[in-house]
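Student: I'd like to ask you about the structure that follows.
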Amino acid sequence: MSGPRDCDVAGARLGSLGLEAHLRDPHIKQRFVTAVFEVVAQRYDRFTTVFSYGMDRGWKRELLERLAATRPVPGLVLDVACGTGDLAVAAAQLPGGPLVLGLDVSRSMLRTAHARRHANGGKRVHLAAGDMMQLPLADGSADVVTVGYGIRNAPDPYGALDEITRVLRRDGYLLVLDFYRPRNPVWRALFLGYLGIAGRMLGWLWHRDPVAYGYIAASIEHYLSWQEFGDALASRGLAVERVSRKLLGGICLHVARKLAESSSRPSPRTAQLLNAARSTHWT
């Protein structure tokens with residue numbers, strides 16, 4: 001259960017912020033999103049299970065199966081907006097044992113991810129504070145990039161995709177699982193209506209702040225459809241090889257492959273990258 005400190009933080013950071021204003025303005029959106037995840041970190045895993053009636057586990061399992069099927073076996077997987085580390089730790093346990101770098105802007109999320117890594121013996125998982133708008137990796141460094149419910153929360157989703165494309169090597173894969181704005185107006189109203197009511201209810205029950213999870217429906221309303229997201233991938237030289245729609249397009253898994261290098265600079269070796277990371281801010 002959340003204690004008084006959780007409620008105080010929620011009231012101070014969320015109740016006083018204008019949700020719609022922050023979602024509309026990319027210059028201040030990150031402040032709101034970071035505040036949300038600082039509040040919900042300890043209960044986030046339970047929330048995703050309850051909120052999706054357990055379906056989230058199957059969706060992430062499918063993402064991991066697609067990751068395991070990529071060839072050649074990735075040496076380095078970058079998990080952007082890694083949250084509580086569930087995808088990062090699971091990815092490191094796949095056959096071939098890739099190295100996994102997990103980045104997130106929320107320190108509370110990273111603390112939860114660190115505890116998961118420690119509990120699961122995740123020696124091949126490295127975690128760090130990092131912004132997807134300015135990824136701390138060289139061009140072409142990652143063999144695979146995974147993102148679970150992250151790009152929607154970026155101040156500028158298109159800018160985040162530019163950064164992800166930059167750090168992904170040629171023929172590397174991007175796997176993205178997220179909510180999307182349904183195009184059908186009737187389904188969109190029903191889908192966002194449910195998410196809004198359920199999110200506000202759980203936000204109040206668990207954190208005494210409806211905005212804690214109520215922001216999800218609002219963020220989707222301001223986001224892209226799964227078709228528009230696919231177009232954004234294609235326009236960046238990412239060939240969409242698989243689209244797996246859930247809930248009539250309200251949730252979607254995109255699997256895309258990078259067709260060309262975004263820079264002529266050579267990619268560093270994985271060992272060099274990790275050594276440099278350890279000497280700076282990797283934990």
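Numbering starts fresh at 1 for the residues of each chain in the structure tokens, the chains themselves are lettered A, B, ... in the order given, and ligands are numbered from 1 as they appear.
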Compile a residue-level contact table for stretch 195-221 of chain A against stretch 34-54 of chain A at a cut-off of 10 Å, reporting for every qualifying residue the shortest atom pair and its distance in Å to one decimal, with only C-alpha atoms counted, rows ordered by chain and ascending number, as JSON lines.
Tutor:
```
{"residue": "A:Leu195", "atom": "CA", "partner": "A:Phe51", "partner_atom": "CA", "distance": 8.3}
{"residue": "A:Ala198", "atom": "CA", "partner": "A:Phe51", "partner_atom": "CA", "distance": 7.5}
{"residue": "A:Gly199", "atom": "CA", "partner": "A:Phe51", "partner_atom": "CA", "distance": 7.7}
{"residue": "A:Leu202", "atom": "CA", "partner": "A:Phe47", "partner_atom": "CA", "distance": 8.1}
{"residue": "A:Gly203", "atom": "CA", "partner": "A:Val40", "partner_atom": "CA", "distance": 8.9}
{"residue": "A:Trp206", "atom": "CA", "partner": "A:Arg43", "partner_atom": "CA", "distance": 8.4}
{"residue": "A:His207", "atom": "CA", "partner": "A:Val40", "partner_atom": "CA", "distance": 7.9}
{"residue": "A:Asp209", "atom": "CA", "partner": "A:Val39", "partner_atom": "CA", "distance": 9.8}
{"residue": "A:Val211", "atom": "CA", "partner": "A:Val36", "partner_atom": "CA", "distance": 8.2}
{"residue": "A:Ala212", "atom": "CA", "partner": "A:Val36", "partner_atom": "CA", "distance": 5.8}
{"residue": "A:Tyr213", "atom": "CA", "partner": "A:Val36", "partner_atom": "CA", "distance": 8.1}
{"residue": "A:Tyr215", "atom": "CA", "partner": "A:Val36", "partner_atom": "CA", "distance": 8.6}
```
Student: Let me see the file: selected residues, all heavy atoms, as an mmCIF file, in the first residue's frame.
Tutor:
```
data_model
loop_
_atom_site.group_PDB
_atom_site.id
_atom_site.type_symbol
_atom_site.label_atom_id
_atom_site.label_comp_id
_atom_site.auth_asym_id
_atom_site.auth_seq_id
_atom_site.Cartn_x
_atom_site.Cartn_y
_atom_site.Cartn_z
ATOM 1 N N LEU A 195 -10.502 3.602 -20.108
ATOM 2 C CA LEU A 195 -9.177 3.873 -19.551
ATOM 3 C C LEU A 195 -9.210 5.073 -18.603
ATOM 4 O O LEU A 195 -8.543 5.067 -17.562
ATOM 5 C CB LEU A 195 -8.176 4.134 -20.672
ATOM 6 C CG LEU A 195 -7.850 2.961 -21.600
ATOM 7 C CD1 LEU A 195 -6.850 3.388 -22.672
ATOM 8 C CD2 LEU A 195 -7.305 1.762 -20.823
ATOM 9 N N ALA A 198 -11.261 3.909 -15.296
ATOM 10 C CA ALA A 198 -10.497 2.930 -14.521
ATOM 11 C C ALA A 198 -9.205 3.533 -13.993
ATOM 12 O O ALA A 198 -8.800 3.282 -12.851
ATOM 13 C CB ALA A 198 -10.190 1.707 -15.389
ATOM 14 N N GLY A 199 -8.547 4.336 -14.810
ATOM 15 C CA GLY A 199 -7.298 4.951 -14.379
ATOM 16 C C GLY A 199 -7.502 5.910 -13.221
ATOM 17 O O GLY A 199 -6.753 5.883 -12.239
ATOM 18 N N LEU A 202 -8.268 3.861 -9.948
ATOM 19 C CA LEU A 202 -7.087 3.258 -9.338
ATOM 20 C C LEU A 202 -6.136 4.317 -8.809
ATOM 21 O O LEU A 202 -5.481 4.124 -7.774
ATOM 22 C CB LEU A 202 -6.375 2.359 -10.349
ATOM 23 C CG LEU A 202 -7.067 1.035 -10.669
ATOM 24 C CD1 LEU A 202 -6.329 0.290 -11.777
ATOM 25 C CD2 LEU A 202 -7.164 0.152 -9.429
ATOM 26 N N GLY A 203 -6.026 5.436 -9.514
ATOM 27 C CA GLY A 203 -5.172 6.516 -9.024
ATOM 28 C C GLY A 203 -5.631 7.027 -7.670
ATOM 29 O O GLY A 203 -4.822 7.290 -6.774
ATOM 30 N N TRP A 206 -5.137 4.048 -4.874
ATOM 31 C CA TRP A 206 -3.774 3.678 -4.531
ATOM 32 C C TRP A 206 -2.879 4.854 -4.164
ATOM 33 O O TRP A 206 -1.914 4.692 -3.423
ATOM 34 C CB TRP A 206 -3.128 2.913 -5.694
ATOM 35 C CG TRP A 206 -3.696 1.541 -5.891
ATOM 36 C CD1 TRP A 206 -4.654 0.922 -5.138
ATOM 37 C CD2 TRP A 206 -3.349 0.611 -6.918
ATOM 38 N NE1 TRP A 206 -4.928 -0.331 -5.630
ATOM 39 C CE2 TRP A 206 -4.131 -0.556 -6.720
ATOM 40 C CE3 TRP A 206 -2.459 0.639 -7.987
ATOM 41 C CZ2 TRP A 206 -4.049 -1.670 -7.550
ATOM 42 C CZ3 TRP A 206 -2.369 -0.468 -8.817
ATOM 43 C CH2 TRP A 206 -3.155 -1.610 -8.600
ATOM 44 N N HIS A 207 -3.178 6.049 -4.691
ATOM 45 C CA HIS A 207 -2.294 7.193 -4.460
ATOM 46 C C HIS A 207 -3.041 8.443 -4.017
ATOM 47 O O HIS A 207 -2.418 9.490 -3.834
ATOM 48 C CB HIS A 207 -1.499 7.514 -5.735
ATOM 49 C CG HIS A 207 -0.699 6.361 -6.253
ATOM 50 N ND1 HIS A 207 0.446 5.911 -5.632
ATOM 51 C CD2 HIS A 207 -0.888 5.557 -7.332
ATOM 52 C CE1 HIS A 207 0.932 4.887 -6.318
ATOM 53 N NE2 HIS A 207 0.144 4.644 -7.343
ATOM 54 N N ASP A 209 -4.761 10.250 -5.791
ATOM 55 C CA ASP A 209 -4.654 11.232 -6.867
ATOM 56 C C ASP A 209 -5.137 10.605 -8.164
ATOM 57 O O ASP A 209 -4.436 9.763 -8.747
ATOM 58 C CB ASP A 209 -3.212 11.704 -7.027
ATOM 59 C CG ASP A 209 -3.106 12.927 -7.939
ATOM 60 O OD1 ASP A 209 -3.965 13.073 -8.838
ATOM 61 O OD2 ASP A 209 -2.182 13.720 -7.769
ATOM 62 N N VAL A 211 -5.120 11.615 -11.082
ATOM 63 C CA VAL A 211 -4.263 11.906 -12.229
ATOM 64 C C VAL A 211 -3.150 10.873 -12.378
ATOM 65 O O VAL A 211 -2.628 10.663 -13.476
ATOM 66 C CB VAL A 211 -3.665 13.329 -12.100
ATOM 67 C CG1 VAL A 211 -2.735 13.651 -13.258
ATOM 68 C CG2 VAL A 211 -4.784 14.362 -12.031
ATOM 69 N N ALA A 212 -2.789 10.181 -11.287
ATOM 70 C CA ALA A 212 -1.664 9.251 -11.325
ATOM 71 C C ALA A 212 -1.782 8.251 -12.474
ATOM 72 O O ALA A 212 -0.792 7.946 -13.147
ATOM 73 C CB ALA A 212 -1.544 8.520 -9.989
ATOM 74 N N TYR A 213 -2.983 7.713 -12.688
ATOM 75 C CA TYR A 213 -3.204 6.808 -13.804
ATOM 76 C C TYR A 213 -4.226 7.361 -14.800
ATOM 77 O O TYR A 213 -4.334 6.864 -15.920
ATOM 78 C CB TYR A 213 -3.681 5.447 -13.307
ATOM 79 C CG TYR A 213 -2.719 4.776 -12.356
ATOM 80 C CD1 TYR A 213 -3.096 4.478 -11.054
ATOM 81 C CD2 TYR A 213 -1.425 4.454 -12.759
ATOM 82 C CE1 TYR A 213 -2.215 3.870 -10.177
ATOM 83 C CE2 TYR A 213 -0.534 3.853 -11.879
ATOM 84 C CZ TYR A 213 -0.942 3.559 -10.595
ATOM 85 O OH TYR A 213 -0.063 2.965 -9.733
ATOM 86 N N TYR A 215 -3.944 9.977 -16.357
ATOM 87 C CA TYR A 215 -3.230 10.643 -17.451
ATOM 88 C C TYR A 215 -3.145 9.759 -18.691
ATOM 89 O O TYR A 215 -2.967 10.264 -19.817
ATOM 90 C CB TYR A 215 -1.812 11.030 -17.011
ATOM 91 C CG TYR A 215 -0.784 9.975 -17.307
ATOM 92 C CD1 TYR A 215 -0.002 10.042 -18.462
ATOM 93 C CD2 TYR A 215 -0.636 8.883 -16.465
ATOM 94 C CE1 TYR A 215 0.912 9.055 -18.754
ATOM 95 C CE2 TYR A 215 0.267 7.891 -16.749
ATOM 96 C CZ TYR A 215 1.040 7.983 -17.887
ATOM 97 O OH TYR A 215 1.942 6.989 -18.177
#
```
Student: Listing only residues of stretch 136-245 of chain A within 7 Å of stretch 23-33 of chain A, what is the closest atom pair and its distance in Å (to one decimal) for each, using only C-alpha atoms, sorted by chain and residue number ascending, as CSV?
Tutor:
```
residue,atom,partner,partner_atom,distance
A:Asn153,CA,A:Val33,CA,6.7
A:Ala154,CA,A:Gln30,CA,6.9
A:Pro155,CA,A:Pro26,CA,4.5
A:Asp156,CA,A:Pro26,CA,6.1
A:Ser219,CA,A:Leu23,CA,6.7
```
Student: Can I get the selected residues back with all heavy atoms, as a PDB file, in the first residue's frame?
Tutor:
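Done, and the output landed in result.pdb:
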```pdb
ATOM      1  N   ASN A 153       5.072   8.769 -24.216  1.00  0.00           N
ATOM      2  CA  ASN A 153       5.325   9.694 -23.112  1.00  0.00           C
ATOM      3  C   ASN A 153       6.454  10.674 -23.393  1.00  0.00           C
ATOM      4  O   ASN A 153       6.747  11.526 -22.553  1.00  0.00           O
ATOM      5  CB  ASN A 153       5.648   8.902 -21.840  1.00  0.00           C
ATOM      6  CG  ASN A 153       4.445   8.141 -21.326  1.00  0.00           C
ATOM      7  OD1 ASN A 153       3.340   8.662 -21.309  1.00  0.00           O
ATOM      8  ND2 ASN A 153       4.652   6.894 -20.913  1.00  0.00           N
ATOM      9  N   ALA A 154       7.094  10.564 -24.544  1.00  0.00           N
ATOM     10  CA  ALA A 154       8.185  11.479 -24.880  1.00  0.00           C
ATOM     11  C   ALA A 154       7.632  12.872 -25.157  1.00  0.00           C
ATOM     12  O   ALA A 154       6.525  13.018 -25.667  1.00  0.00           O
ATOM     13  CB  ALA A 154       8.942  10.972 -26.101  1.00  0.00           C
ATOM     14  N   PRO A 155       8.403  13.913 -24.854  1.00  0.00           N
ATOM     15  CA  PRO A 155       7.969  15.267 -25.188  1.00  0.00           C
ATOM     16  C   PRO A 155       7.679  15.430 -26.677  1.00  0.00           C
ATOM     17  O   PRO A 155       6.750  16.124 -27.071  1.00  0.00           O
ATOM     18  CB  PRO A 155       9.152  16.136 -24.750  1.00  0.00           C
ATOM     19  CG  PRO A 155       9.834  15.336 -23.699  1.00  0.00           C
ATOM     20  CD  PRO A 155       9.670  13.902 -24.117  1.00  0.00           C
ATOM     21  N   ASP A 156       8.485  14.767 -27.503  1.00  0.00           N
ATOM     22  CA  ASP A 156       8.320  14.796 -28.950  1.00  0.00           C
ATOM     23  C   ASP A 156       8.537  13.378 -29.480  1.00  0.00           C
ATOM     24  O   ASP A 156       9.672  12.951 -29.651  1.00  0.00           O
ATOM     25  CB  ASP A 156       9.327  15.760 -29.582  1.00  0.00           C
ATOM     26  CG  ASP A 156       9.294  15.721 -31.103  1.00  0.00           C
ATOM     27  OD1 ASP A 156       8.341  15.152 -31.678  1.00  0.00           O
ATOM     28  OD2 ASP A 156      10.237  16.266 -31.713  1.00  0.00           O
ATOM     29  N   SER A 219      -3.162  11.012 -22.485  1.00  0.00           N
ATOM     30  CA  SER A 219      -1.941  10.925 -23.299  1.00  0.00           C
ATOM     31  C   SER A 219      -2.220  10.222 -24.620  1.00  0.00           C
ATOM     32  O   SER A 219      -1.647  10.579 -25.655  1.00  0.00           O
ATOM     33  CB  SER A 219      -0.836  10.197 -22.531  1.00  0.00           C
ATOM     34  OG  SER A 219      -1.111   8.808 -22.396  1.00  0.00           O
TER      35      SER A 219
END
```
Student: Looking at only C-alpha atoms, which of A:Leu174, A:Ile216, A:Gly130, A:Asn184 is the one that sits closest to A:Leu63?
Tutor: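 Of the candidates, the smallest distance to A:Leu63 is held by A:Leu174.
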Student: Where does DSSP see helix (DSSP H, G or I) in stretch 88-280 of chain A, if you list the residues as an MDAnalysis selection string?
Tutor: chainID A and resid 88:92 107:119 151:153 157:167 185:207 211:221 226:234 247:249 270:278
Student: Between atom CA of A:Ile251 and atom CA of A:Tyr180, what is the distance, to one decimal in Å?
Tutor: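 Rounded to one decimal, the two atoms are 5.8 Å apart.
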Student: Just to confirm, what's the straight-line distance from atom CA of A:Gly172 to atom CA of A:Thr84 in Å (one decimal)?
Tutor: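 Spanning atom CA of A:Gly172 to atom CA of A:Thr84 is a straight-line distance of 24.4 Å.
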Student: Kindly give the distance, in Å, that separates atom CA of A:Leu233 and atom CA of A:Ala92, rounded to a single decimal.
Tutor: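 Atom-to-atom, atom CA of A:Leu233 and atom CA of A:Ala92 are spaced 25.5 Å apart.
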Student: With only C-alpha atoms counted and 9 Å as the cut-off, give the residues of stretch 116-148 of chain A in contact with stretch 159-168 of chain A, each with its shortest interatomic distance in Å and the pair that gives it, as CSV.
Tutor:
```
residue,atom,partner,partner_atom,distance
A:Met132,CA,A:Ala160,CA,5.7
A:Met133,CA,A:Ala160,CA,5.1
A:Gln134,CA,A:Glu163,CA,6.7
A:Leu135,CA,A:Glu163,CA,6.6
A:Leu137,CA,A:Val167,CA,6.4
A:Ala138,CA,A:Val167,CA,6.0
A:Asp139,CA,A:Val167,CA,4.4
A:Gly140,CA,A:Val167,CA,4.5
A:Ser141,CA,A:Val167,CA,5.4
A:Ala142,CA,A:Leu168,CA,4.9
A:Asp143,CA,A:Leu168,CA,6.2
A:Val144,CA,A:Leu168,CA,6.7
A:Val145,CA,A:Leu168,CA,6.9
```
Student: Point out the residue among A:Leu87, A:Arg111, A:Ala217, A:Gly75 with the least atom-to-atom distance to A:Arg57, counting only C-alpha atoms.
Tutor: A:Leu87
Student: Could you check which of A:Ser235, A:Asn120, A:Thr146, A:Thr70 is closest to A:Gln93, using only C-alpha atoms?
Tutor: A:Asn120
Student: For A:Ala256, which residue out of A:Arg66, A:Arg208, A:Arg200, A:His126 is the nearest one, using only C-alpha atoms?
Tutor: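 Once distances to A:Ala256 are computed over only C-alpha atoms, the minimum belongs to A:Arg66.
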Student: Could you pull the residues within 7 Å of A:Lys258, counting only C-alpha atoms, minus those fewer than 3 positions along the same chain, as a PyMOL selection string?
Tutor: chain A and resi 170-173+237-239
Student: Restricting the calculation to only C-alpha atoms, which member of A:Pro95, A:Gly121, A:Gly148, A:Pro136 is positioned closest to A:Cys82?
Tutor: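 Selected residue with least distance to A:Cys82: A:Gly148.
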Student: Skipping near chain neighbours, those fewer than 5 positions away, what residues fall within 9 Å of A:Val73 using only C-alpha atoms, listed as a compact mmCIF listing (two decimals) with C-alpha atoms, in the first residue's frame?
Tutor:
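Writing the result to result_14.txt gives the following:
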```
# COMPACT_ATOMS: atom_id res chain seq x y z
CA LEU A 67 13.28 -10.35 -29.88
CA ALA A 68 14.47 -13.93 -29.48
CA PRO A 95 19.09 -17.65 -25.51
CA GLY A 96 22.41 -16.10 -26.42
CA GLY A 97 22.34 -13.87 -23.33
CA PRO A 98 22.57 -10.40 -24.90
CA ASP A 143 21.67 -4.26 -32.26
```
